[in-house]
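S.K.: Quick one: the structure is below, and I'll ask about it shortly.
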Number of protein chains: 2
Amino acid sequence: MRKIDPEKHAARRRLILDAAIACFSRKGFHGTSTAEICAEARMSPGNLFHYFPTKHTIIAAIVEEERQETAEIFRKLGEEKDLLAALLGFMDTVLDLAGDPAYSSLALEIAAEAMRDERIGALAATNDAELQAALAALISGAASRNQVDSAIDAPGAARWIAAIIDGIFSRIAVDPGFSPKDEGAMMRRLLTRFLCS
Amino acid sequence: MRKIDPEKHAARRRLILDAAIACFSRKGFHGTSTAEICAEARMSPGNLFHYFPTKHTIIAAIVEEERQETAEIFRKLGEEKDLLAALLGFMDTVLDLAGDPAYSSLALEIAAEAMRDERIGALAATNDAELQAALAALISGAASRNQVDSAIDAPGAARWIAAIIDGIFSRIAVDPGFSPKDEGAMMRRLLTRFLCS
DNA sequence: ACGAAATTCGAGTACTCGGTCTAATAATTA
DNA sequence: TAATTATTAGACCGAGTACTCGAATTTCGT
């Protein structure tokens, strides 16, 4: 009685997911065929569908993965003492991530798909809620130490910072003159003026 | 020798464009088939392709239309004396437009498609450049009258306001708690703090 | 080494895609 | 009216779609 090897199984899923991410960021969810993912992963369709029952579950897995990555970034930054600096640092990493067109492309694809498929929409909403909660925690913590305007509406401000994050990814798509590495100063100015009285 | 009636021709194009916009905002560019557009427009494929040679040209026409609409909004607001108020008024209309999910959906679809298809990317870049130019003109005008920080980098600030606009549309997709009509105050706060010293 | 389960393959399925073609009809002018 | 052109419908096309299936192969506990 042979059993499945969880490590090998997970590794194979990763291979598929990485191939799918590469394809999706190039051509979008609906623009890439399962055959293309198979080719990128050097795998037959029978094999691919052995690991994911439908193309949709592959997309869902990628959105879920996005969430874990965001949580991971916050975990690393959470140990900072200076909460305002932690927030600005997080935004710097966002700007850095946006510099990778594949990442921005995927972020936009997920947002667009969220409006069409309510299952993806629900996943994206969860990701966003967690992001906003983490941002709000930073802001209210900073407020209680007077690093930012102490009268600030933390959840409300977090919501708009989330909007700015989305906006950064859109910049890559529509503004060829937007160079993330040159925009750090203006971003900090925007954020600090918004948050600090 | 019969001639084409430009009015009828234009009206027929409008019918197709409106049908396509309805479909695209529901299912995305690649998610809707030309047959669906035909059904929505109550028209045969032969007829539809008589007016647009390819599906792509329909998409392109929609993006182009978006540009004209934006220009129109600015034209109406351009007559204001108070340039800061004009800017805030423009952002209010953006927030209002975002309240229509069909509009936000289309905006996201265009951004996502811009990353995949360079022809759409070029059109979207033009639209964005015009938007930024109009915003920058408002900002520098306001700066010269000391309505905003007179030392401001107007084009740089315009770029980030464009990012905020994109971010608003993304909010609709991923944040079910984002209610445009309740966010006007926070938006004004964000903008005025950013622009005014 | 055996046998069963896990994995892999790729041809094949029913169907949809964007787009074409033909042929009929409607509108215009000579 | 006759000739010409614009417009229309919808059957049709080859290519591609997500996904299935049965068989071949690999792997591992015994």
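To be explicit about the labels: the chains of the structure tokens are called A, B, and onward in the order shown, and within each one the residues are counted from 1, while ligands get numbers from 1 in the order they are shown.
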Contacts of Ala22 of chain B at 12 Å or less, counting only C-alpha atoms (C1' of nucleotides), minus same-chain residues fewer than 4 places along, as an NGL selection string?
M.R.: :B and (15-18 or 26-29 or 32 or 36-41 or 62 or 101-103 or 105-106)
S.K.: Using only C-alpha atoms (C1' of nucleotides), find each residue of chain A with at least one atom at most 8 Å away from an atom of chain D; report its shortest atom-to-atom pair and that distance in Å (one decimal), sort the rows by chain and rising residue number, and return the result as JSON lines.
M.R.:
{"residue": "A:Met1", "atom": "CA", "partner": "D:DG29", "partner_atom": "C1'", "distance": 5.9}
{"residue": "A:Arg2", "atom": "CA", "partner": "D:DC28", "partner_atom": "C1'", "distance": 5.6}
{"residue": "A:Ser33", "atom": "CA", "partner": "D:DT17", "partner_atom": "C1'", "distance": 7.5}
{"residue": "A:Thr34", "atom": "CA", "partner": "D:DA18", "partner_atom": "C1'", "distance": 7.1}
{"residue": "A:Phe49", "atom": "CA", "partner": "D:DC19", "partner_atom": "C1'", "distance": 8.0}
{"residue": "A:Thr54", "atom": "CA", "partner": "D:DC19", "partner_atom": "C1'", "distance": 7.9}
{"residue": "A:Lys55", "atom": "CA", "partner": "D:DA18", "partner_atom": "C1'", "distance": 7.7}
S.K.: So that each row is one residue of chain A with an atom at most 8 Å from chain B, can you give its shortest atom pair and the distance in Å to one decimal, using only C-alpha atoms, rows by chain and rising number, as JSON lines?
M.R.:
{"residue": "A:Arg26", "atom": "CA", "partner": "B:Arg116", "partner_atom": "CA", "distance": 6.2}
{"residue": "A:Lys27", "atom": "CA", "partner": "B:Arg116", "partner_atom": "CA", "distance": 5.6}
{"residue": "A:Gly28", "atom": "CA", "partner": "B:Arg116", "partner_atom": "CA", "distance": 7.3}
{"residue": "A:His30", "atom": "CA", "partner": "B:His30", "partner_atom": "CA", "distance": 6.0}
{"residue": "A:Gly31", "atom": "CA", "partner": "B:His30", "partner_atom": "CA", "distance": 6.5}
{"residue": "A:Ser105", "atom": "CA", "partner": "B:Met115", "partner_atom": "CA", "distance": 6.3}
{"residue": "A:Leu108", "atom": "CA", "partner": "B:Ala112", "partner_atom": "CA", "distance": 5.4}
{"residue": "A:Glu109", "atom": "CA", "partner": "B:Ala112", "partner_atom": "CA", "distance": 5.7}
{"residue": "A:Ala111", "atom": "CA", "partner": "B:Ala173", "partner_atom": "CA", "distance": 5.8}
{"residue": "A:Ala112", "atom": "CA", "partner": "B:Leu108", "partner_atom": "CA", "distance": 5.4}
{"residue": "A:Ala114", "atom": "CA", "partner": "B:Ala173", "partner_atom": "CA", "distance": 5.9}
{"residue": "A:Met115", "atom": "CA", "partner": "B:Ala173", "partner_atom": "CA", "distance": 5.3}
{"residue": "A:Arg116", "atom": "CA", "partner": "B:Lys27", "partner_atom": "CA", "distance": 5.6}
{"residue": "A:Gly121", "atom": "CA", "partner": "B:Val174", "partner_atom": "CA", "distance": 6.5}
{"residue": "A:Ala124", "atom": "CA", "partner": "B:Val174", "partner_atom": "CA", "distance": 5.6}
{"residue": "A:Ala125", "atom": "CA", "partner": "B:Val174", "partner_atom": "CA", "distance": 4.8}
{"residue": "A:Asp128", "atom": "CA", "partner": "B:Val174", "partner_atom": "CA", "distance": 6.4}
{"residue": "A:Ala129", "atom": "CA", "partner": "B:Asp175", "partner_atom": "CA", "distance": 7.4}
{"residue": "A:Gly156", "atom": "CA", "partner": "B:Met186", "partner_atom": "CA", "distance": 7.4}
{"residue": "A:Ala157", "atom": "CA", "partner": "B:Met186", "partner_atom": "CA", "distance": 7.6}
{"residue": "A:Trp160", "atom": "CA", "partner": "B:Met187", "partner_atom": "CA", "distance": 7.8}
{"residue": "A:Ala162", "atom": "CA", "partner": "B:Gly167", "partner_atom": "CA", "distance": 7.8}
{"residue": "A:Ala163", "atom": "CA", "partner": "B:Gly167", "partner_atom": "CA", "distance": 4.3}
{"residue": "A:Ile164", "atom": "CA", "partner": "B:Ile164", "partner_atom": "CA", "distance": 5.3}
{"residue": "A:Ile165", "atom": "CA", "partner": "B:Gly167", "partner_atom": "CA", "distance": 7.1}
{"residue": "A:Asp166", "atom": "CA", "partner": "B:Gly167", "partner_atom": "CA", "distance": 4.9}
{"residue": "A:Gly167", "atom": "CA", "partner": "B:Gly167", "partner_atom": "CA", "distance": 4.0}
{"residue": "A:Ile168", "atom": "CA", "partner": "B:Ala163", "partner_atom": "CA", "distance": 5.9}
{"residue": "A:Ser170", "atom": "CA", "partner": "B:Asp166", "partner_atom": "CA", "distance": 6.3}
{"residue": "A:Arg171", "atom": "CA", "partner": "B:Ala163", "partner_atom": "CA", "distance": 6.1}
{"residue": "A:Ala173", "atom": "CA", "partner": "B:Met115", "partner_atom": "CA", "distance": 5.3}
{"residue": "A:Val174", "atom": "CA", "partner": "B:Ala125", "partner_atom": "CA", "distance": 4.8}
{"residue": "A:Asp175", "atom": "CA", "partner": "B:Ala125", "partner_atom": "CA", "distance": 5.6}
{"residue": "A:Pro176", "atom": "CA", "partner": "B:Ala125", "partner_atom": "CA", "distance": 7.1}
{"residue": "A:Met186", "atom": "CA", "partner": "B:Gly156", "partner_atom": "CA", "distance": 7.4}
{"residue": "A:Met187", "atom": "CA", "partner": "B:Trp160", "partner_atom": "CA", "distance": 7.8}
{"residue": "A:Arg189", "atom": "CA", "partner": "B:Phe194", "partner_atom": "CA", "distance": 7.3}
{"residue": "A:Leu190", "atom": "CA", "partner": "B:Phe194", "partner_atom": "CA", "distance": 5.3}
{"residue": "A:Leu191", "atom": "CA", "partner": "B:Phe194", "partner_atom": "CA", "distance": 7.9}
{"residue": "A:Arg193", "atom": "CA", "partner": "B:Phe194", "partner_atom": "CA", "distance": 5.5}
{"residue": "A:Phe194", "atom": "CA", "partner": "B:Leu190", "partner_atom": "CA", "distance": 5.3}
S.K.: Only residues of chain C matter here; which ones have an atom within 10 Å of chain B, counting only C-alpha atoms (C1' of nucleotides)? Give them as a list in words.
M.R.: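 Contact residues on the first chain: DT16, DC17, DG18, DG19, DT20, DC21, DA27, DT28, DT29 and DA30 of chain C.
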S.K.: Can you write out the residues you just picked, keeping C-alpha atoms (C1' of nucleotides), as a compact mmCIF listing (two decimals), in the first residue's frame?
M.R.:
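Below you can see out16.txt, which holds the result:
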# COMPACT_ATOMS: atom_id res chain seq x y z
C1' DT C 16 -16.78 27.25 -27.91
C1' DC C 17 -13.93 30.64 -30.10
C1' DG C 18 -13.29 34.72 -33.31
C1' DG C 19 -14.25 35.43 -37.70
C1' DT C 20 -15.85 34.36 -42.87
C1' DC C 21 -19.03 33.53 -46.63
C1' DA C 27 -32.01 51.79 -50.13
C1' DT C 28 -30.34 54.98 -53.31
C1' DT C 29 -29.55 57.25 -57.77
C1' DA C 30 -29.17 57.31 -62.98
S.K.: Name the residues in contact with Ser150 of chain A at a cut-off of 10 Å, using only C-alpha atoms (C1' of nucleotides), excluding same-chain residues fewer than 2 positions from it; report them as a PyMOL selection string.
M.R.: chain A and resi 139-148+152-154+195-197
S.K.: Select from segment 6-193 of chain A everything DSSP, run on the backbone, classes as alpha helix (DSSP H), then give the selection as a PyMOL selection string.
M.R.: chain A and resi 6-27+34-41+45-51+55-77+83-98+101-116+118-144+154-174+184-193
S.K.: For segment 67-79 of chain B, list every protein, DNA or RNA residue within 10 Å, evaluated using only C-alpha atoms (C1' of nucleotides), and leave out those in the same chain fewer than 4 positions away; present the list as a list in words.
M.R.: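 Listing them by chain and then by number gives Ala61, Ile62, Val63, Leu83, Ala85, Ala86, Leu87, Gly89, Phe90, Thr93, Val94, Leu123, Ala124, Thr126, Asn127, Asp128, Glu130, Leu131, Ala134, Leu135, Ala137 and Leu138 of chain B.
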S.K.: Atom CA of Lys8 of chain A and atom CA of Asn47 of chain A are how many Å apart?
M.R.: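 Taking atom CA of Lys8 of chain A and atom CA of Asn47 of chain A, their separation equals 13.8 Å.
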